[in-house]
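A.B. asks: Provided below: model07.csv, containing CSV, C-alpha atoms.
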chain,number,residue,atom,x,y,z
A,1,GLN,CA,0.0,0.0,0.0
A,2,VAL,CA,1.4,3.4,-1.0
A,3,GLN,CA,1.9,5.7,1.9
A,4,LEU,CA,2.3,9.5,1.7
A,5,VAL,CA,3.1,11.1,5.0
A,6,GLU,CA,2.9,14.8,5.5
A,7,SER,CA,4.6,16.8,8.2
A,8,GLY,CA,5.5,20.4,9.1
A,9,GLY,CA,2.1,21.9,9.8
A,10,GLY,CA,1.4,24.1,12.8
A,11,SER,CA,0.1,27.4,14.1
A,12,VAL,CA,1.6,30.7,13.0
A,13,GLN,CA,0.6,34.3,12.9
A,14,ALA,CA,-0.3,36.1,9.7
A,15,GLY,CA,2.8,37.0,7.7
A,16,GLY,CA,4.7,34.0,9.0
A,17,SER,CA,6.1,31.0,7.2
A,18,LEU,CA,5.8,27.2,7.3
A,19,ARG,CA,7.5,24.4,5.3
A,20,LEU,CA,5.5,21.3,4.7
A,21,SER,CA,7.0,18.0,3.7
A,22,CYS,CA,5.6,14.8,2.3
A,23,ALA,CA,7.6,11.6,2.5
A,24,ALA,CA,6.8,9.2,-0.3
A,25,PRO,CA,8.2,6.1,-1.9
A,26,ALA,CA,11.1,6.8,-4.2
A,27,ASP,CA,9.4,5.8,-7.4
A,28,ILE,CA,6.5,8.2,-6.7
A,29,VAL,CA,8.7,11.2,-6.0
A,30,SER,CA,10.8,10.5,-9.1
A,31,TYR,CA,8.2,9.5,-11.7
A,32,TYR,CA,4.8,10.8,-10.7
A,33,HIS,CA,3.3,14.2,-10.9
A,34,MET,CA,2.6,15.4,-7.3
A,35,ALA,CA,0.6,18.2,-5.8
A,36,TRP,CA,-0.5,19.9,-2.6
A,37,PHE,CA,-4.1,20.3,-1.8
A,38,ARG,CA,-5.9,21.9,1.1
A,39,GLN,CA,-9.3,21.7,2.6
A,40,ALA,CA,-10.9,24.0,5.2
A,41,PRO,CA,-14.0,23.0,7.1
A,42,GLY,CA,-17.1,23.3,5.0
A,43,ASN,CA,-15.1,23.8,1.8
A,44,GLU,CA,-14.1,21.6,-1.0
A,45,ARG,CA,-10.6,20.3,-1.4
A,46,GLU,CA,-8.7,22.7,-3.6
A,47,GLY,CA,-5.3,22.5,-5.3
A,48,VAL,CA,-2.5,24.7,-4.2
A,49,ALA,CA,0.6,23.7,-6.1
A,50,ARG,CA,1.7,20.9,-8.4
A,51,ILE,CA,5.0,19.7,-9.7
A,52,THR,CA,5.5,17.4,-12.6
A,53,SER,CA,7.7,14.4,-12.6
A,54,GLY,CA,10.2,16.5,-14.5
A,55,GLY,CA,10.2,19.2,-11.9
A,56,THR,CA,8.0,21.9,-13.5
A,57,PRO,CA,5.9,23.7,-10.9
A,58,SER,CA,2.5,25.3,-11.3
A,59,TYR,CA,0.4,27.2,-8.7
A,60,ALA,CA,-3.2,28.1,-8.0
A,61,ASP,CA,-3.8,31.9,-8.0
A,62,SER,CA,-4.1,31.8,-4.2
A,63,ALA,CA,-0.5,30.5,-3.9
A,64,LYS,CA,1.3,32.4,-6.6
A,65,GLY,CA,4.1,34.6,-5.3
A,66,ARG,CA,3.9,33.1,-1.7
A,67,PHE,CA,4.3,29.4,-2.0
A,68,THR,CA,7.0,27.3,-3.6
A,69,ILE,CA,6.7,23.6,-4.4
A,70,SER,CA,9.7,21.5,-4.7
A,71,LYS,CA,10.8,17.9,-4.5
A,72,ASP,CA,14.0,16.2,-3.4
A,73,ASN,CA,14.5,12.9,-5.2
A,74,ALA,CA,17.5,12.0,-3.0
A,75,LYS,CA,15.4,12.4,0.2
A,76,ASN,CA,12.1,11.1,-1.4
A,77,THR,CA,10.2,14.2,-0.3
A,78,LEU,CA,7.8,16.7,-1.7
A,79,ASN,CA,7.9,20.1,-0.1
A,80,LEU,CA,5.8,23.2,0.1
A,81,GLN,CA,7.4,26.4,1.4
A,82,MET,CA,4.7,28.8,2.4
A,83,ASN,CA,5.5,32.5,3.1
A,84,ASP,CA,3.4,35.5,4.0
A,85,LEU,CA,0.7,33.2,5.3
A,86,LYS,CA,-2.8,34.6,5.7
A,87,PRO,CA,-5.7,33.5,7.9
A,88,GLU,CA,-7.5,32.2,4.8
A,89,ASP,CA,-4.6,29.7,4.3
A,90,THR,CA,-5.9,27.9,7.4
A,91,ALA,CA,-6.7,24.3,6.3
A,92,MET,CA,-5.7,20.7,6.4
A,93,TYR,CA,-3.0,20.3,3.7
A,94,TYR,CA,-2.6,17.1,1.8
A,95,CYS,CA,0.0,15.8,-0.6
A,96,ALA,CA,-1.2,13.7,-3.5
A,97,ALA,CA,0.3,11.7,-6.4
A,98,ASP,CA,-1.0,11.2,-9.9
A,99,ARG,CA,-0.2,7.7,-11.2
A,100,PHE,CA,-1.5,8.0,-14.8
A,101,THR,CA,-0.7,11.6,-15.7
A,102,ARG,CA,-4.4,12.4,-15.5
A,103,SER,CA,-3.6,15.8,-14.0
A,104,SER,CA,-1.8,16.7,-17.2
A,105,ARG,CA,-4.7,15.8,-19.4
A,106,TYR,CA,-7.7,16.7,-17.3
A,107,GLY,CA,-6.6,19.4,-15.0
A,108,PRO,CA,-3.7,19.9,-12.6
A,109,PHE,CA,-5.8,20.8,-9.6
A,110,LEU,CA,-8.8,18.4,-9.7
A,111,PRO,CA,-8.6,16.0,-6.8
A,112,ALA,CA,-10.2,13.2,-8.9
A,113,ASN,CA,-7.0,13.1,-11.0
A,114,TYR,CA,-4.8,12.0,-8.1
A,115,HIS,CA,-4.7,8.4,-7.0
A,116,TYR,CA,-2.6,8.5,-3.8
A,117,TRP,CA,-3.2,10.7,-0.8
A,118,GLY,CA,-1.6,11.4,2.6
A,119,GLN,CA,-3.5,11.9,5.8
A,120,GLY,CA,-2.9,15.6,6.0
A,121,THR,CA,-1.2,18.1,8.2
A,122,GLN,CA,-3.0,21.0,9.8
A,123,VAL,CA,-2.0,24.6,9.1
A,124,THR,CA,-3.6,27.3,11.3
A,125,VAL,CA,-2.9,31.0,10.6
A,126,SER,CA,-4.1,33.6,13.2
A,127,SER,CA,-4.6,37.3,12.5
Rewrite the structure of this file - the entire thing - as structure tokens.
C.D. replies:
Amino acid sequence: QVQLVESGGGSVQAGGSLRLSCAAPADIVSYYHMAWFRQAPGNEREGVARITSGGTPSYADSAKGRFTISKDNAKNTLNLQMNDLKPEDTAMYYCAADRFTRSSRYGPFLPANYHYWGQGTQVTVSS
């Protein structure tokens, strides 16, 4: 069974920073497209940032200029550096992996295009 394990969440004040990590099997980090999603209570799960297997990043409008997605093939981790955090960034953050490149064909930020999910890490931003 594929396991994705997120870490790095916490509570910060507005304007602060957090770095999320997702530990994953080596073949997933190297060969799958991966992404970060988030879900706040009462809201749908939404895409935040995505990185292709080749390392090309893309971002949702809400994340552009503030978040940076990266991966470390040597450490088998997916990362999300979040700067200038805002209260509206408060959510559970999930990493996800796309096994069949559906995210390239049918949309980079649609949850249905991702096959493997972690359990999430909570991010809380206070004003």
A.B. asks: Please identify all polymer residues within 8 Å of A:Asn73, counting all atoms listed in the file, omitting same-chain residues fewer than 2 positions from it, and present them as a PyMOL selection string.
C.D. replies: chain A and resi 26+29-30+71+75-77
A.B. asks: Using all atoms listed in the file, tabulate the residues of stretch 46-111 of chain A lying at most 6 Å from any atom of stretch 35-39 of chain A, each with its closest atom pair and that distance in Å to one decimal, by chain and increasing residue number, as CSV.
C.D. replies:
residue,atom,partner,partner_atom,distance
A:Glu46,CA,A:Phe37,CA,5.5
A:Gly47,CA,A:Phe37,CA,4.3
A:Val48,CA,A:Phe37,CA,5.3
A:Ala49,CA,A:Trp36,CA,5.3
A:Arg50,CA,A:Ala35,CA,3.9
A:Ala91,CA,A:Gln39,CA,5.2
A:Met92,CA,A:Gln39,CA,5.3
A:Tyr93,CA,A:Arg38,CA,4.2
A:Tyr94,CA,A:Phe37,CA,5.0
A:Cys95,CA,A:Trp36,CA,4.6
A:Ala96,CA,A:Ala35,CA,5.4
A.B. asks: Tell me which of A:Arg105, A:Ala112, A:Glu44, A:Arg19 sits closest to A:Ile69, counting all atoms listed in the file.
C.D. replies: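 Smallest distance to A:Ile69 is found for A:Arg19.
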A.B. asks: What's the 12 Å shell around A:Asp89, counting all atoms listed in the file, without same-chain residues fewer than 5 positions away, as a tab-separated table (two decimals) with C-alpha atoms, in the frame of the given file?
C.D. replies:
chain	number	residue	atom	x	y	z
A	9	GLY	CA	2.10	21.90	9.80
A	10	GLY	CA	1.40	24.10	12.80
A	11	SER	CA	0.10	27.40	14.10
A	12	VAL	CA	1.60	30.70	13.00
A	13	GLN	CA	0.60	34.30	12.90
A	14	ALA	CA	-0.30	36.10	9.70
A	15	GLY	CA	2.80	37.00	7.70
A	16	GLY	CA	4.70	34.00	9.00
A	17	SER	CA	6.10	31.00	7.20
A	18	LEU	CA	5.80	27.20	7.30
A	37	PHE	CA	-4.10	20.30	-1.80
A	38	ARG	CA	-5.90	21.90	1.10
A	39	GLN	CA	-9.30	21.70	2.60
A	40	ALA	CA	-10.90	24.00	5.20
A	41	PRO	CA	-14.00	23.00	7.10
A	46	GLU	CA	-8.70	22.70	-3.60
A	48	VAL	CA	-2.50	24.70	-4.20
A	62	SER	CA	-4.10	31.80	-4.20
A	63	ALA	CA	-0.50	30.50	-3.90
A	66	ARG	CA	3.90	33.10	-1.70
A	67	PHE	CA	4.30	29.40	-2.00
A	82	MET	CA	4.70	28.80	2.40
A	83	ASN	CA	5.50	32.50	3.10
A	84	ASP	CA	3.40	35.50	4.00
A	122	GLN	CA	-3.00	21.00	9.80
A	123	VAL	CA	-2.00	24.60	9.10
A	124	THR	CA	-3.60	27.30	11.30
A	125	VAL	CA	-2.90	31.00	10.60
A	126	SER	CA	-4.10	33.60	13.20
A	127	SER	CA	-4.60	37.30	12.50
A.B. asks: For atom CA of A:Tyr114 and atom CA of A:Leu78, determine how far apart the two atoms are, in Å to one decimal place.
C.D. replies: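 Between atom CA of A:Tyr114 and atom CA of A:Leu78 the gap is 14.9 Å.
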A.B. asks: Using all atoms listed in the file, determine which residues lie at most 8 Å from A:Asp98, disregarding the query and same-chain residues fewer than 5 positions distant; provide the list as a list of chain:residue names.
C.D. replies: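 Non-adjacent residues within range: A:Tyr32, A:His33, A:Met34, A:Ser103, A:Asn113, A:Tyr114, A:His115, A:Tyr116.
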A.B. asks: May I have the selected residues written with C-alpha atoms, as an mmCIF file, in the frame of the given file?
C.D. replies:
data_model
loop_
_atom_site.group_PDB
_atom_site.id
_atom_site.type_symbol
_atom_site.label_atom_id
_atom_site.label_comp_id
_atom_site.auth_asym_id
_atom_site.auth_seq_id
_atom_site.Cartn_x
_atom_site.Cartn_y
_atom_site.Cartn_z
ATOM 1 C CA TYR A 32 4.800 10.800 -10.700
ATOM 2 C CA HIS A 33 3.300 14.200 -10.900
ATOM 3 C CA MET A 34 2.600 15.400 -7.300
ATOM 4 C CA SER A 103 -3.600 15.800 -14.000
ATOM 5 C CA ASN A 113 -7.000 13.100 -11.000
ATOM 6 C CA TYR A 114 -4.800 12.000 -8.100
ATOM 7 C CA HIS A 115 -4.700 8.400 -7.000
ATOM 8 C CA TYR A 116 -2.600 8.500 -3.800
#
A.B. asks: Out of A:Val2, A:Ala97, A:Leu85, A:Leu110, which residue has the shortest atom-to-atom distance to A:Gly65 when counting all atoms listed in the file?
C.D. replies: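 Under the stated criterion, the closest residue is A:Leu85.
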A.B. asks: For the atom pair atom CA of A:Thr90 and atom CA of A:Thr56, what is the interatomic distance in Å to one decimal place?
C.D. replies: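 Between atom CA of A:Thr90 and atom CA of A:Thr56 the gap is 25.8 Å.
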A.B. asks: Need to verify the contact set: A:Leu20, 7 Å, all atoms listed in the file, exclusion of same-chain residues closer than 3 positions in sequence. Can you return it as a PyMOL selection string?
C.D. replies: chain A and resi 7-9+79-81
A.B. asks: What is the distance between atom CA of A:Gly107 and atom CA of A:Pro57, in Å to one decimal?
C.D. replies: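 These two atoms are separated by 13.8 Å.
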A.B. asks: Would it be fine to have stretch 95-118 of chain A, with N, CA, C and O atoms, given as a CSV table (one decimal), in the first residue's frame?
C.D. replies:
chain,number,residue,atom,x,y,z
A,95,CYS,N,-0.8,16.0,0.6
A,95,CYS,CA,0.0,15.8,-0.6
A,95,CYS,C,-0.7,14.6,-1.4
A,95,CYS,O,-1.4,13.8,-0.8
A,96,ALA,N,-0.5,14.7,-2.7
A,96,ALA,CA,-1.2,13.7,-3.5
A,96,ALA,C,-0.3,13.4,-4.7
A,96,ALA,O,0.6,14.2,-5.1
A,97,ALA,N,-0.5,12.2,-5.3
A,97,ALA,CA,0.3,11.7,-6.4
A,97,ALA,C,-0.6,11.2,-7.5
A,97,ALA,O,-1.6,10.5,-7.2
A,98,ASP,N,-0.2,11.5,-8.7
A,98,ASP,CA,-1.0,11.2,-9.9
A,98,ASP,C,-0.3,10.1,-10.6
A,98,ASP,O,0.8,10.3,-11.2
A,99,ARG,N,-0.9,8.9,-10.6
A,99,ARG,CA,-0.2,7.7,-11.2
A,99,ARG,C,-0.2,7.7,-12.7
A,99,ARG,O,0.7,7.2,-13.3
A,100,PHE,N,-1.3,8.2,-13.3
A,100,PHE,CA,-1.5,8.0,-14.8
A,100,PHE,C,-1.4,9.3,-15.6
A,100,PHE,O,-1.9,9.3,-16.6
A,101,THR,N,-0.8,10.3,-15.0
A,101,THR,CA,-0.7,11.6,-15.7
A,101,THR,C,-2.1,12.2,-16.0
A,101,THR,O,-2.2,13.0,-17.0
A,102,ARG,N,-3.1,11.8,-15.3
A,102,ARG,CA,-4.4,12.4,-15.5
A,102,ARG,C,-4.4,13.9,-15.3
A,102,ARG,O,-5.1,14.7,-15.9
A,103,SER,N,-3.6,14.3,-14.3
A,103,SER,CA,-3.6,15.8,-14.0
A,103,SER,C,-3.1,16.6,-15.2
A,103,SER,O,-3.4,17.8,-15.3
A,104,SER,N,-2.3,16.0,-16.1
A,104,SER,CA,-1.8,16.7,-17.2
A,104,SER,C,-2.9,16.8,-18.3
A,104,SER,O,-2.9,17.8,-19.0
A,105,ARG,N,-3.7,15.8,-18.4
A,105,ARG,CA,-4.7,15.8,-19.4
A,105,ARG,C,-6.0,16.4,-19.0
A,105,ARG,O,-6.7,17.0,-19.9
A,106,TYR,N,-6.4,16.3,-17.7
A,106,TYR,CA,-7.7,16.7,-17.3
A,106,TYR,C,-7.8,17.8,-16.3
A,106,TYR,O,-8.8,18.1,-15.8
A,107,GLY,N,-6.6,18.3,-15.9
A,107,GLY,CA,-6.6,19.4,-15.0
A,107,GLY,C,-5.7,19.2,-13.8
A,107,GLY,O,-5.8,18.2,-13.2
A,108,PRO,N,-4.8,20.1,-13.6
A,108,PRO,CA,-3.7,19.9,-12.6
A,108,PRO,C,-4.2,20.0,-11.2
A,108,PRO,O,-3.6,19.4,-10.3
A,109,PHE,N,-5.4,20.6,-10.9
A,109,PHE,CA,-5.8,20.8,-9.6
A,109,PHE,C,-7.2,20.2,-9.3
A,109,PHE,O,-7.9,20.6,-8.4
A,110,LEU,N,-7.5,19.2,-10.0
A,110,LEU,CA,-8.8,18.4,-9.7
A,110,LEU,C,-8.4,17.2,-8.9
A,110,LEU,O,-7.6,16.3,-9.3
A,111,PRO,N,-9.0,17.1,-7.7
A,111,PRO,CA,-8.6,16.0,-6.8
A,111,PRO,C,-8.8,14.6,-7.4
A,111,PRO,O,-8.1,13.7,-7.1
A,112,ALA,N,-9.8,14.5,-8.3
A,112,ALA,CA,-10.2,13.2,-8.9
A,112,ALA,C,-9.0,12.7,-9.8
A,112,ALA,O,-9.0,11.5,-10.1
A,113,ASN,N,-8.1,13.5,-10.2
A,113,ASN,CA,-7.0,13.1,-11.0
A,113,ASN,C,-5.8,12.6,-10.3
A,113,ASN,O,-4.8,12.2,-10.9
A,114,TYR,N,-5.9,12.5,-9.0
A,114,TYR,CA,-4.8,12.0,-8.1
A,114,TYR,C,-5.3,10.7,-7.4
A,114,TYR,O,-6.4,10.6,-7.0
A,115,HIS,N,-4.3,9.8,-7.4
A,115,HIS,CA,-4.7,8.4,-7.0
A,115,HIS,C,-4.2,8.1,-5.5
A,115,HIS,O,-4.8,7.3,-4.9
A,116,TYR,N,-3.2,8.8,-5.1
A,116,TYR,CA,-2.6,8.5,-3.8
A,116,TYR,C,-2.7,9.8,-2.9
A,116,TYR,O,-2.3,10.8,-3.4
A,117,TRP,N,-3.0,9.6,-1.7
A,117,TRP,CA,-3.2,10.7,-0.8
A,117,TRP,C,-2.6,10.5,0.6
A,117,TRP,O,-2.6,9.3,1.1
A,118,GLY,N,-2.1,11.5,1.2
A,118,GLY,CA,-1.6,11.4,2.6
A,118,GLY,C,-2.8,11.7,3.5
A,118,GLY,O,-3.9,12.0,3.1
